[in-house]
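Worksheet: the structure to be examined is printed underneath.
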Amino acid sequence: MVIILEDFYYGRLHPNELIKPNDPELQKINQKTIDLLQMLKARLSEEDFDLVEMLYDLQSDSSSLHSALSFIQGYKIGALMMIDVFSDKDSVYEGL
């Protein structure tokens with residue numbers, strides 16, 4: 001049984017949820033971000049900190065969209081590689 005195809009068909013395939021970031025460098029960066037946000041919260045007025053949070057949320061949204069576009073591009077390149085490997089013709093790759 002091909003479960004991954006069923007999950008894909010029914011919209012249950014979420015690659016971003018499969019990522020388990022355990023890179024120590026990423027953990028350090030995340031901790032520094034949390035620490036900096038806490039310092040800003042202590043120093044800024046509530047209104048100013050709300051602006052910082054809005055900026056942080058926009059940056060997060062931008063990063064998520066960029067990750068999705070990168071995933072899609074990588075998937076397309078992988079699919080082109082598979083077509084190229086199994087094709088009897090000349091390469092289908094014409095550059096990106």
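Letters A, B, ... go to the chains of the structure tokens in the order shown; residues in each chain start at 1; ligands are counted from 1 in the same order.
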
* Within chain A, find each residue whose DSSP state, derived from the backbone, is alpha helix (DSSP H), and express the selection as a ChimeraX atom specification. => /A:3-9,15-18,24-43,46-86

* Find the distance between CA of Ser63 in chain A and CA of Leu5 in chain A and write it in Å to one decimal. =>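 Between CA of Ser63 in chain A and CA of Leu5 in chain A the gap works out to 27.5 Å.
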
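Atom pair CA of Ser60 in chain A / CA of Lys32 in chain A: separated by 15.7 Å.
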
* Asked: Quick one, how far is CA of Glu17 in chain A from CA of Ala68 in chain A?
  ->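 Interatomic distance here is 12.5 Å.
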
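Distances from A:Tyr56, A:Tyr9, A:Glu47, A:Lys20 to Ile34 in chain A were compared using only C-alpha atoms, and the smallest one belongs to A:Tyr56.
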
* **Residue among A:Glu53, A:Asp61, A:Asp7, A:Asp88 lying closest to Leu36 in chain A, counting only C-alpha atoms** =>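 Nearest candidate to Leu36 in chain A out of A:Glu53, A:Asp61, A:Asp7, A:Asp88: A:Glu53.
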
* With only C-alpha atoms as the atoms that count, which of A:Ile3, A:Val52, A:Ala42, A:Ser64 lies nearest to Asn16 in chain A? ->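 Using only C-alpha atoms, Asn16 in chain A sits closest to A:Ser64.
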
* Which neighbours of Ile4 in chain A fall inside 12 Å, counting only C-alpha atoms, when residues of the same chain fewer than 5 positions from it are skipped, and could you give them as an MDAnalysis selection string? -> chainID A and resid 9:15
